[in-house]
$ cat final-v6.txt   # compact mmCIF, C-alpha atoms
# COMPACT_ATOMS: atom_id res chain seq x y z
CA MET A 86 0.00 0.00 0.00
CA LEU A 87 1.37 3.37 -1.01
CA SER A 88 1.83 5.85 1.81
CA ALA A 89 -0.44 8.90 2.10
CA GLU A 90 2.71 11.03 2.04
CA LYS A 91 3.74 9.65 -1.36
CA ILE A 92 0.26 10.25 -2.81
CA ASP A 93 0.26 13.81 -1.44
CA THR A 94 3.66 14.45 -3.05
CA ILE A 95 2.35 13.37 -6.47
CA ILE A 96 -0.76 15.55 -6.28
CA LYS A 97 1.14 18.57 -4.93
CA ARG A 98 3.72 18.34 -7.71
CA SER A 99 0.94 18.35 -10.30
CA GLU A 100 -0.71 21.38 -8.66
CA LEU A 101 2.63 23.22 -8.56
CA ILE A 102 3.20 22.60 -12.28
CA ASP A 103 -0.32 23.83 -13.06
CA ALA A 104 0.39 27.02 -11.11
CA GLN A 105 3.69 27.55 -12.94
CA LEU A 106 2.07 26.97 -16.34
CA SER A 107 -0.55 29.63 -15.61
CA ALA A 108 2.22 32.25 -15.31
CA PRO A 109 4.32 33.74 -18.17
CA LEU A 110 7.20 31.40 -19.06
CA ASP A 111 9.95 31.17 -21.64
CA THR A 112 9.34 28.60 -24.37
CA GLN A 113 11.88 26.04 -23.18
CA THR A 114 10.55 26.00 -19.61
CA MET A 115 6.96 25.80 -20.82
CA ILE A 116 7.76 22.79 -23.04
CA LYS A 117 9.61 21.04 -20.21
CA LEU A 118 6.80 21.62 -17.67
CA SER A 119 4.09 20.68 -20.18
CA ARG A 120 5.86 17.40 -20.91
CA GLU A 121 6.19 16.62 -17.20
CA ARG A 122 2.53 17.52 -16.62
CA SER A 123 1.47 15.24 -19.46
CA GLU A 124 3.50 12.35 -18.02
CA LEU A 125 2.10 13.02 -14.55
CA GLU A 126 -1.55 13.20 -15.62
CA PRO A 127 -2.41 9.47 -15.56
CA VAL A 128 -0.52 9.13 -12.27
CA VAL A 129 -2.43 12.03 -10.70
CA GLU A 130 -5.77 10.66 -11.92
CA ALA A 131 -4.96 7.27 -10.39
CA ALA A 132 -3.81 8.91 -7.13
CA ARG A 133 -7.01 10.96 -6.85
CA ALA A 134 -9.17 7.92 -7.62
CA LEU A 135 -7.41 6.00 -4.83
CA ARG A 136 -7.70 8.92 -2.42
CA LYS A 137 -11.47 9.28 -3.15
CA ALA A 138 -12.09 5.54 -2.72
CA GLU A 139 -10.29 5.61 0.65
CA ALA A 140 -12.32 8.64 1.77
CA ASP A 141 -15.59 6.99 0.68
CA ARG A 142 -14.66 3.85 2.58
CA LYS A 143 -13.98 5.85 5.73
CA GLU A 144 -17.41 7.51 5.51
CA LEU A 145 -19.09 4.12 5.29
CA ASP A 146 -17.70 3.16 8.70
CA ALA A 147 -20.00 5.76 10.27
CA LEU A 148 -23.04 4.42 8.38
CA LEU A 149 -22.43 0.86 9.58
CA ALA A 150 -23.67 1.93 13.03
CA ASP A 151 -26.98 3.15 11.55
CA PRO A 152 -29.51 0.26 11.52
CA GLU A 153 -31.33 1.71 8.50
CA MET A 154 -28.16 2.19 6.45
CA ALA A 155 -26.04 -0.74 7.65
CA ASP A 156 -27.01 -3.24 4.92
CA MET A 157 -26.33 -0.78 2.11
CA ALA A 158 -23.11 0.39 3.78
CA ARG A 159 -21.86 -3.19 4.14
CA GLU A 160 -22.47 -3.83 0.42
CA GLU A 161 -20.65 -0.69 -0.65
CA ALA A 162 -17.84 -1.32 1.84
CA ALA A 163 -17.29 -4.81 0.41
CA LEU A 164 -17.02 -3.36 -3.10
CA LEU A 165 -14.56 -0.68 -1.97
CA ASP A 166 -12.51 -3.18 0.04
CA LYS A 167 -11.97 -5.01 -3.24
CA ARG A 168 -11.46 -1.89 -5.37
CA ILE A 169 -8.97 -0.03 -3.14
CA PRO A 170 -6.15 -2.64 -3.48
CA GLU A 171 -6.77 -2.68 -7.26
CA LEU A 172 -6.44 1.12 -7.43
CA ASP A 173 -3.34 0.98 -5.24
CA LEU A 174 -1.75 -1.63 -7.54
CA ALA A 175 -2.61 0.38 -10.66
CA LEU A 176 -1.00 3.48 -9.16
CA SER A 177 2.07 1.50 -8.06
CA LYS A 178 2.55 0.23 -11.63
CA LEU A 179 2.38 3.78 -12.98
CA LEU A 180 5.14 4.74 -10.54
CA LEU A 181 7.49 1.93 -11.59
CA PRO A 182 10.83 3.04 -13.08
CA LYS A 183 10.46 3.56 -16.81
CA ASP A 184 12.82 2.02 -19.36
CA ALA A 185 14.10 5.02 -21.30
CA ALA A 186 14.08 2.94 -24.49
CA ASP A 187 10.46 1.77 -24.26
CA GLU A 188 9.02 4.39 -26.60
CA LYS A 189 11.65 3.77 -29.27
CA SER A 190 11.47 1.90 -32.55
CA ALA A 191 13.59 -1.26 -32.68
CA ILE A 192 16.00 -3.34 -34.71
CA LEU A 193 14.82 -6.95 -35.05
CA GLU A 194 17.45 -9.61 -35.78
CA ILE A 195 16.53 -13.26 -36.40
CA ARG A 196 19.12 -15.97 -37.06
CA ALA A 197 18.71 -19.66 -37.75
CA GLY A 198 20.26 -21.80 -35.00
CA THR A 199 20.59 -25.54 -34.64
CA GLY A 200 18.57 -27.59 -37.09
CA GLY A 201 19.93 -26.81 -40.55
CA ASN A 202 17.31 -26.08 -43.21
CA GLU A 203 14.46 -26.54 -40.75
CA ALA A 204 15.97 -23.84 -38.51
CA ALA A 205 16.08 -21.44 -41.46
CA LEU A 206 12.44 -22.20 -42.26
CA PHE A 207 11.53 -21.55 -38.64
CA ALA A 208 13.43 -18.24 -38.71
CA GLY A 209 11.23 -17.31 -41.68
CA ASP A 210 8.10 -18.30 -39.73
CA LEU A 211 9.17 -16.10 -36.81
CA PHE A 212 9.82 -13.15 -39.09
CA ARG A 213 6.37 -13.48 -40.67
CA MET A 214 4.85 -13.69 -37.17
CA TYR A 215 6.49 -10.39 -36.22
CA GLN A 216 5.49 -8.85 -39.58
CA ARG A 217 1.84 -9.64 -38.92
CA TYR A 218 2.12 -8.52 -35.31
CA ALA A 219 3.57 -5.22 -36.53
CA ASP A 220 0.68 -4.80 -38.97
CA ILE A 221 -1.81 -5.33 -36.14
CA HIS A 222 -0.13 -2.54 -34.12
CA GLY A 223 0.26 -0.18 -37.07
CA TRP A 224 4.06 -0.41 -37.13
CA LYS A 225 6.18 -0.47 -40.26
CA ILE A 226 8.88 -3.06 -40.99
CA ASN A 227 11.80 -2.38 -43.31
CA VAL A 228 14.20 -5.24 -44.11
CA VAL A 229 17.79 -3.99 -44.13
CA GLU A 230 19.76 -7.24 -44.44
CA GLU A 231 18.76 -10.80 -45.32
CA SER A 232 20.44 -14.09 -46.09
CA PRO A 233 17.92 -16.64 -47.48
CA GLY A 234 18.01 -20.28 -46.48
CA GLU A 235 18.73 -22.98 -49.05
CA VAL A 236 15.16 -24.31 -49.07
CA GLY A 237 13.38 -21.20 -47.83
CA GLY A 238 13.24 -19.05 -44.74
CA TYR A 239 16.35 -17.20 -43.61
CA LYS A 240 19.80 -17.95 -42.30
CA GLU A 241 19.65 -14.36 -41.03
CA ILE A 242 17.31 -11.41 -41.42
CA ILE A 243 17.59 -7.93 -39.91
CA ALA A 244 14.78 -5.38 -40.04
CA GLU A 245 13.83 -2.00 -38.65
CA VAL A 246 10.48 -1.96 -36.85
CA ASN A 247 9.27 1.63 -36.77
CA GLY A 248 6.52 2.92 -34.52
CA ARG A 249 5.83 4.29 -31.08
CA GLY A 250 6.41 1.89 -28.21
CA VAL A 251 7.82 -0.90 -30.38
CA PHE A 252 10.70 -1.73 -28.04
CA ALA A 253 8.41 -1.83 -24.98
CA ARG A 254 6.52 -4.76 -26.48
CA LEU A 255 9.20 -6.59 -28.45
CA LYS A 256 12.09 -6.40 -25.96
CA PHE A 257 10.89 -9.58 -24.24
CA GLU A 258 11.36 -11.53 -27.49
CA SER A 259 15.18 -11.63 -27.25
CA GLY A 260 16.46 -15.14 -26.74
CA VAL A 261 16.40 -18.64 -28.21
CA HIS A 262 13.09 -19.75 -29.74
CA ARG A 263 12.72 -23.52 -30.14
CA VAL A 264 10.37 -25.33 -32.55
CA GLN A 265 9.20 -28.93 -32.39
CA ARG A 266 7.48 -30.23 -35.53
CA VAL A 267 7.66 -32.71 -38.41
CA PRO A 268 9.62 -31.07 -41.26
CA ASP A 269 8.11 -31.25 -44.75
CA THR A 270 11.21 -33.16 -45.83
CA GLU A 271 10.77 -35.83 -43.14
CA GLY A 272 9.16 -38.90 -44.67
CA SER A 273 8.94 -40.97 -41.48
CA GLY A 274 6.86 -38.40 -39.59
CA ARG A 275 9.54 -37.98 -36.93
CA ILE A 276 9.40 -34.77 -34.88
CA HIS A 277 12.51 -32.60 -35.14
CA THR A 278 13.66 -29.90 -32.74
CA SER A 279 15.24 -26.77 -34.23
CA ALA A 280 15.97 -23.29 -32.98
CA ALA A 281 16.38 -19.68 -34.01
CA THR A 282 17.71 -16.74 -32.05
CA VAL A 283 15.94 -13.40 -31.83
CA ALA A 284 17.57 -10.14 -30.76
CA VAL A 285 15.60 -6.92 -30.33
CA LEU A 286 17.66 -3.74 -30.00
CA PRO A 287 16.27 -0.28 -29.23
CA GLU A 288 16.82 2.12 -32.10
CA ALA A 289 19.56 4.55 -31.11
CA VAL A 290 19.69 8.22 -32.01
CA ASP A 291 22.60 10.63 -32.06
CA ILE A 292 21.97 11.79 -28.50
CA ASP A 293 22.10 8.16 -27.26
CA ILE A 294 25.50 7.25 -28.62
CA GLN A 295 28.40 9.22 -30.07
CA ILE A 296 30.75 7.55 -32.56
CA LYS A 297 34.15 8.95 -33.49
CA PRO A 298 34.93 8.81 -37.25
CA GLU A 299 38.43 7.52 -36.54
CA ASP A 300 36.90 4.49 -34.74
CA LEU A 301 35.28 3.23 -37.94
CA LYS A 302 36.60 1.07 -40.77
CA TRP A 303 34.42 1.23 -43.90
CA ASP A 304 34.33 -1.37 -46.72
CA ILE A 305 32.24 -1.10 -49.87
CA THR A 306 31.60 -4.43 -51.62
CA ARG A 307 29.31 -5.89 -54.24
CA ALA A 308 25.92 -6.80 -52.81
CA SER A 309 24.95 -10.46 -53.08
CA SER A 310 22.42 -11.28 -55.76
CA ALA A 311 20.36 -14.16 -57.06
CA GLY A 312 21.86 -13.47 -60.49
CA GLY A 313 20.05 -13.16 -63.79
CA GLN A 314 19.05 -9.85 -65.30
CA HIS A 315 18.87 -8.24 -61.87
CA ALA A 316 22.37 -9.28 -60.81
CA ASN A 317 24.16 -6.52 -58.93
CA THR A 318 27.17 -5.34 -60.92
CA THR A 319 28.06 -2.31 -58.81
CA ASP A 320 29.67 -1.94 -55.42
CA THR A 321 26.81 -0.95 -53.11
CA ALA A 322 27.00 -3.15 -49.99
CA VAL A 323 28.38 -1.36 -46.94
CA ARG A 324 30.34 -3.01 -44.10
CA ILE A 325 31.41 -1.07 -41.02
CA MET A 326 33.69 -2.28 -38.25
CA HIS A 327 33.73 -0.38 -34.97
CA LEU A 328 37.38 -0.75 -34.03
CA PRO A 329 37.16 -0.25 -30.21
CA THR A 330 34.52 -2.99 -29.80
CA GLY A 331 35.01 -5.15 -32.90
CA ILE A 332 31.29 -4.89 -33.73
CA VAL A 333 30.65 -5.37 -37.46
CA VAL A 334 27.48 -4.41 -39.33
CA THR A 335 26.49 -4.72 -42.98
CA ALA A 336 23.73 -3.38 -45.21
CA SER A 337 23.29 -4.58 -48.77
CA ALA A 338 20.30 -2.97 -50.46
CA ARG A 339 20.71 -1.52 -53.98
CA SER A 340 21.50 2.03 -52.89
CA GLN A 341 24.98 2.62 -51.46
CA GLN A 342 23.86 5.91 -49.89
CA GLN A 343 20.94 4.22 -48.13
CA ASN A 344 23.20 1.37 -47.06
CA ARG A 345 25.57 3.85 -45.41
CA ILE A 346 22.67 5.35 -43.44
CA THR A 347 21.25 1.94 -42.53
CA ALA A 348 24.61 0.49 -41.47
CA MET A 349 25.31 3.47 -39.21
CA GLN A 350 21.87 3.10 -37.63
CA LEU A 351 22.51 -0.59 -37.00
CA LEU A 352 25.89 0.16 -35.47
CA LYS A 353 24.48 2.84 -33.17
CA SER A 354 21.73 0.47 -32.02
CA ARG A 355 24.20 -2.33 -31.26
CA LEU A 356 26.53 0.00 -29.37
CA TYR A 357 23.56 1.45 -27.48
CA GLU A 358 22.34 -2.04 -26.58
CA ALA A 359 25.85 -3.09 -25.54
CA GLU A 360 25.92 -0.16 -23.10
CA ARG A 361 22.44 -1.06 -21.80
CA GLU A 362 23.54 -4.67 -21.27
CA LYS A 363 26.59 -3.49 -19.37
CA VAL A 364 24.38 -1.46 -17.03
CA ASP A 365 21.92 -4.36 -16.72
CA SER A 366 24.69 -6.79 -15.79
CA GLU A 367 25.77 -4.45 -13.01
CA ARG A 368 22.23 -4.56 -11.64
CA ALA A 369 21.78 -8.30 -12.18
CA ALA A 370 22.57 -9.23 -8.58
CA SER A 371 19.49 -7.40 -7.35
CA ARG A 372 17.17 -8.57 -10.13
CA LYS A 373 15.02 -11.59 -9.37
CA GLY A 374 13.62 -12.46 -12.79
CA GLN A 375 14.97 -13.15 -16.24
CA VAL A 376 12.13 -11.39 -18.07
CA GLY A 377 13.56 -8.60 -20.11
CA SER A 378 17.15 -9.55 -19.42
CA GLY A 379 17.85 -9.77 -23.13
CA ASP A 380 20.06 -12.82 -22.67
CA ARG A 381 20.18 -14.16 -26.20
CA SER A 382 21.59 -17.54 -25.12
CA GLU A 383 18.55 -18.22 -22.93
CA ARG A 384 15.93 -20.63 -24.30
CA ILE A 385 12.82 -18.57 -23.77
CA ARG A 386 10.02 -20.22 -25.74
CA THR A 387 8.99 -23.50 -27.36
CA TYR A 388 6.55 -23.80 -30.28
CA ASN A 389 5.20 -27.37 -30.37
CA PHE A 390 3.26 -27.84 -33.62
CA PRO A 391 1.92 -31.41 -33.07
CA GLN A 392 0.26 -30.26 -29.83
CA GLY A 393 -0.61 -26.75 -31.04
CA ARG A 394 1.20 -25.49 -27.94
CA VAL A 395 3.31 -22.43 -27.12
CA THR A 396 5.27 -22.42 -23.85
CA ASP A 397 7.20 -19.45 -22.50
CA HIS A 398 9.70 -20.95 -20.08
CA ARG A 399 10.47 -17.72 -18.20
CA ILE A 400 7.01 -17.44 -16.69
CA ASN A 401 5.82 -21.07 -17.11
CA LEU A 402 3.03 -19.93 -19.43
CA THR A 403 1.50 -22.49 -21.82
CA LEU A 404 -1.13 -21.63 -24.42
CA TYR A 405 -2.83 -24.02 -26.82
CA ASN A 406 -3.40 -21.53 -29.62
CA LEU A 407 -0.21 -21.90 -31.65
CA PRO A 408 -1.79 -21.07 -35.05
CA GLN A 409 -3.12 -17.75 -33.70
CA VAL A 410 0.27 -16.94 -32.16
CA MET A 411 2.11 -17.68 -35.40
CA VAL A 412 -0.05 -15.22 -37.34
CA GLY A 413 0.53 -12.52 -34.70
CA ILE A 414 -3.07 -12.41 -33.48
CA ALA A 415 -2.48 -14.09 -30.11
CA LEU A 416 1.14 -13.01 -29.57
CA ASP A 417 -0.08 -10.23 -27.28
CA GLU A 418 -1.37 -12.88 -24.87
CA VAL A 419 2.23 -13.97 -24.33
CA ILE A 420 3.70 -10.47 -24.34
CA GLU A 421 1.09 -9.08 -21.91
CA ALA A 422 1.82 -11.94 -19.50
CA LEU A 423 5.55 -11.20 -19.73
CA ILE A 424 4.97 -7.48 -19.06
CA THR A 425 2.76 -8.31 -16.07
CA SER A 426 5.40 -10.68 -14.68
CA HIS A 427 8.12 -8.09 -15.18
CA GLN A 428 6.06 -5.44 -13.38
CA ALA A 429 5.39 -7.85 -10.51
CA ASP A 430 9.14 -8.41 -10.14
CA GLN A 431 9.73 -4.66 -10.15
CA LEU A 432 7.07 -4.14 -7.47
CA ALA A 433 8.57 -6.92 -5.36
CA ASP A 434 12.01 -5.33 -5.69
CA LEU A 435 10.64 -1.93 -4.65
CA GLU A 436 8.86 -3.43 -1.63
CA GLY A 437 11.99 -5.34 -0.72
CA ASN A 438 13.95 -2.08 -0.81
CA GLY A 439 11.39 -0.29 1.31
CA GLY A 440 9.39 1.23 -1.58

$ encode --input "final-v6.txt" --output "structure tokens"
Amino acid sequence: MLSAEKIDTIIKRSELIDAQLSAPLDTQTMIKLSRERSELEPVVEAARALRKAEADRKELDALLADPEMADMAREEAALLDKRIPELDLALSKLLLPKDAADEKSAILEIRAGTGGNEAALFAGDLFRMYQRYADIHGWKINVVEESPGEVGGYKEIIAEVNGRGVFARLKFESGVHRVQRVPDTEGSGRIHTSAATVAVLPEAVDIDIQIKPEDLKWDITRASSAGGQHANTTDTAVRIMHLPTGIVVTASARSQQQNRITAMQLLKSRLYEAEREKVDSERAASRKGQVGSGDRSERIRTYNFPQGRVTDHRINLTLYNLPQVMVGIALDEVIEALITSHQADQLADLEGNGG
């Protein structure tokens, strides 16, 4: 239960900002205060709703002594006794520390793992799942690098997913995804297990990461092509190595200029994520859960086709709606459960540290 002092502090801060905004201000200060007021608004509304429910509950105590009003008061008190903890939890969630990257777009990287051709096919299935999920949320996907598998799917595919709040929802997808099914090429009907790795990186901007020109090694090469009349005969593919870290990125669309832009964006995102992971590892000792850890070696989910089952191993969640998950429709059921689990861990950590 949040303390009355904490709730008072939230409401008073909102009232102070309102008072400041009603006075003449320079543009920069007005923008800063308006942004803070906008971020505070849902918190203040939740705080006031909790405060009103608590006041109403207190008033009912007096009515319980009135024989004519006691029955009605008991009914309303029972409803409020249930609602007050719900309001308190909702407010607590709004006060949880925000991930600065949550509102960002993201870089999605999918790579075939163990399983040969079947792993590449599964990587393709995962990419289509995220494509459809992006469509549902009104996001745009732009493929920036792909390496097709020999019989379909992808050995590797990298794409930009553009939209508001993309990283907040996709960041829990980083890790090893495992598939259990009978491959089309398997005549005996034997179930095979294959895997693909997914990495989701927050899109970095110039203010997130600064790169020195002297730290970069650029190579321009001929982009790979399927051949034929559309074979690439010019040097357009861009490869950048970041010398201090050894991180290498490539972009191989038809435009060299666009490839330069795309490769730099990929590099910034990987450097930004590397810095985030460094900070996360320093906090790991105090973190109780693995949700959102971004550990790409961790087996996070199994897709069992014969049973129509999806299991997320981090939160022991099993759903029997695999077809709906694979077309993106039911993926939110998994992601919402992961977000809820992550928030519960955060709340437990805050309570453990004295709130």

$ residues_around --input "final-v6.txt" --residues "A:Gly200" --least-positions-apart "4" --cutoff "8 Å" --atoms "all atoms listed in the file" --output "list in words"
Ala204, Ala205, Thr278, Ser279 and Ala280 of chain A

$ atom_distance --input "final-v6.txt" --atom1 "atom CA of A:Glu299" --atom2 "atom CA of A:His327"
9.3 Å

$ residues_near_point --input "final-v6.txt" --point "(18.5, -23.0, -27.0)" --cutoff "12 Å" --atoms "all atoms listed in the file" --output "short mmCIF file (atom, residue, chain, number, x, y, z; two decimals) with C-alpha atoms, keeping the file's coordinate frame"
data_model
loop_
_atom_site.label_atom_id
_atom_site.label_comp_id
_atom_site.auth_asym_id
_atom_site.auth_seq_id
_atom_site.Cartn_x
_atom_site.Cartn_y
_atom_site.Cartn_z
CA ALA A 197 18.71 -19.66 -37.75
CA GLY A 198 20.26 -21.80 -35.00
CA THR A 199 20.59 -25.54 -34.64
CA GLY A 200 18.57 -27.59 -37.09
CA ALA A 204 15.97 -23.84 -38.51
CA SER A 259 15.18 -11.63 -27.25
CA GLY A 260 16.46 -15.14 -26.74
CA VAL A 261 16.40 -18.64 -28.21
CA HIS A 262 13.09 -19.75 -29.74
CA ARG A 263 12.72 -23.52 -30.14
CA VAL A 264 10.37 -25.33 -32.55
CA THR A 278 13.66 -29.90 -32.74
CA SER A 279 15.24 -26.77 -34.23
CA ALA A 280 15.97 -23.29 -32.98
CA ALA A 281 16.38 -19.68 -34.01
CA THR A 282 17.71 -16.74 -32.05
CA VAL A 283 15.94 -13.40 -31.83
CA ASP A 380 20.06 -12.82 -22.67
CA ARG A 381 20.18 -14.16 -26.20
CA SER A 382 21.59 -17.54 -25.12
CA GLU A 383 18.55 -18.22 -22.93
CA ARG A 384 15.93 -20.63 -24.30
CA ILE A 385 12.82 -18.57 -23.77
CA ARG A 386 10.02 -20.22 -25.74
CA THR A 387 8.99 -23.50 -27.36
CA HIS A 398 9.70 -20.95 -20.08
#

$ residues_near_point --input "final-v6.txt" --point "(6.5, 0.4, -37.1)" --cutoff "7 Å" --atoms "only C-alpha atoms" --output "list in words"
Ser190, Ala219, Gly223, Trp224, Lys225, Ile226, Val246, Asn247, Gly248 and Val251 of chain A

$ atom_distance --input "final-v6.txt" --atom1 "atom CA of A:Ile192" --atom2 "atom CA of A:Gln428"
23.6 Å

$ closest_residue --input "final-v6.txt" --among "A:Leu211, A:Ile296, A:Ala253, A:Leu174" --to "A:Asp187" --atoms "all atoms listed in the file"
A:Ala253

$ closest_residue --input "final-v6.txt" --among "A:Met157, A:Ile169, A:Met411, A:Ala175" --to "A:Gly209" --atoms "only C-alpha atoms"
A:Met411

$ atom_distance --input "final-v6.txt" --atom1 "atom CA of A:Val334" --atom2 "atom CA of A:Ala348"
6.1 Å

$ closest_residue --input "final-v6.txt" --among "A:Ala186, A:Leu149, A:Leu286, A:Ala132" --to "A:Asp173" --atoms "all atoms listed in the file"
A:Ala132

$ closest_residue --input "final-v6.txt" --among "A:Gly238, A:Glu90, A:Asp111, A:Ser119" --to "A:Asp210" --atoms "only C-alpha atoms"
A:Gly238

$ closest_residue --input "final-v6.txt" --among "A:Pro298, A:Thr347, A:Ser354, A:Phe257" --to "A:Ala422" --atoms "all atoms listed in the file"
A:Phe257

$ residues_around --input "final-v6.txt" --residues "A:Thr321" --least-positions-apart "5" --cutoff "12 Å" --atoms "all atoms listed in the file" --output "mmCIF file with C-alpha atoms, in the frame of the given file"
data_model
loop_
_atom_site.group_PDB
_atom_site.id
_atom_site.type_symbol
_atom_site.label_atom_id
_atom_site.label_comp_id
_atom_site.auth_asym_id
_atom_site.auth_seq_id
_atom_site.Cartn_x
_atom_site.Cartn_y
_atom_site.Cartn_z
ATOM 1 C CA ASP A 304 34.330 -1.370 -46.720
ATOM 2 C CA ILE A 305 32.240 -1.100 -49.870
ATOM 3 C CA THR A 306 31.600 -4.430 -51.620
ATOM 4 C CA ARG A 307 29.310 -5.890 -54.240
ATOM 5 C CA ALA A 308 25.920 -6.800 -52.810
ATOM 6 C CA SER A 309 24.950 -10.460 -53.080
ATOM 7 C CA SER A 310 22.420 -11.280 -55.760
ATOM 8 C CA THR A 335 26.490 -4.720 -42.980
ATOM 9 C CA ALA A 336 23.730 -3.380 -45.210
ATOM 10 C CA SER A 337 23.290 -4.580 -48.770
ATOM 11 C CA ALA A 338 20.300 -2.970 -50.460
ATOM 12 C CA ARG A 339 20.710 -1.520 -53.980
ATOM 13 C CA SER A 340 21.500 2.030 -52.890
ATOM 14 C CA GLN A 341 24.980 2.620 -51.460
ATOM 15 C CA GLN A 342 23.860 5.910 -49.890
ATOM 16 C CA GLN A 343 20.940 4.220 -48.130
ATOM 17 C CA ASN A 344 23.200 1.370 -47.060
ATOM 18 C CA ARG A 345 25.570 3.850 -45.410
ATOM 19 C CA ALA A 348 24.610 0.490 -41.470
#

$ closest_residue --input "final-v6.txt" --among "A:Lys143, A:Glu100, A:Leu180, A:Leu328" --to "A:Pro127" --atoms "only C-alpha atoms"
A:Leu180
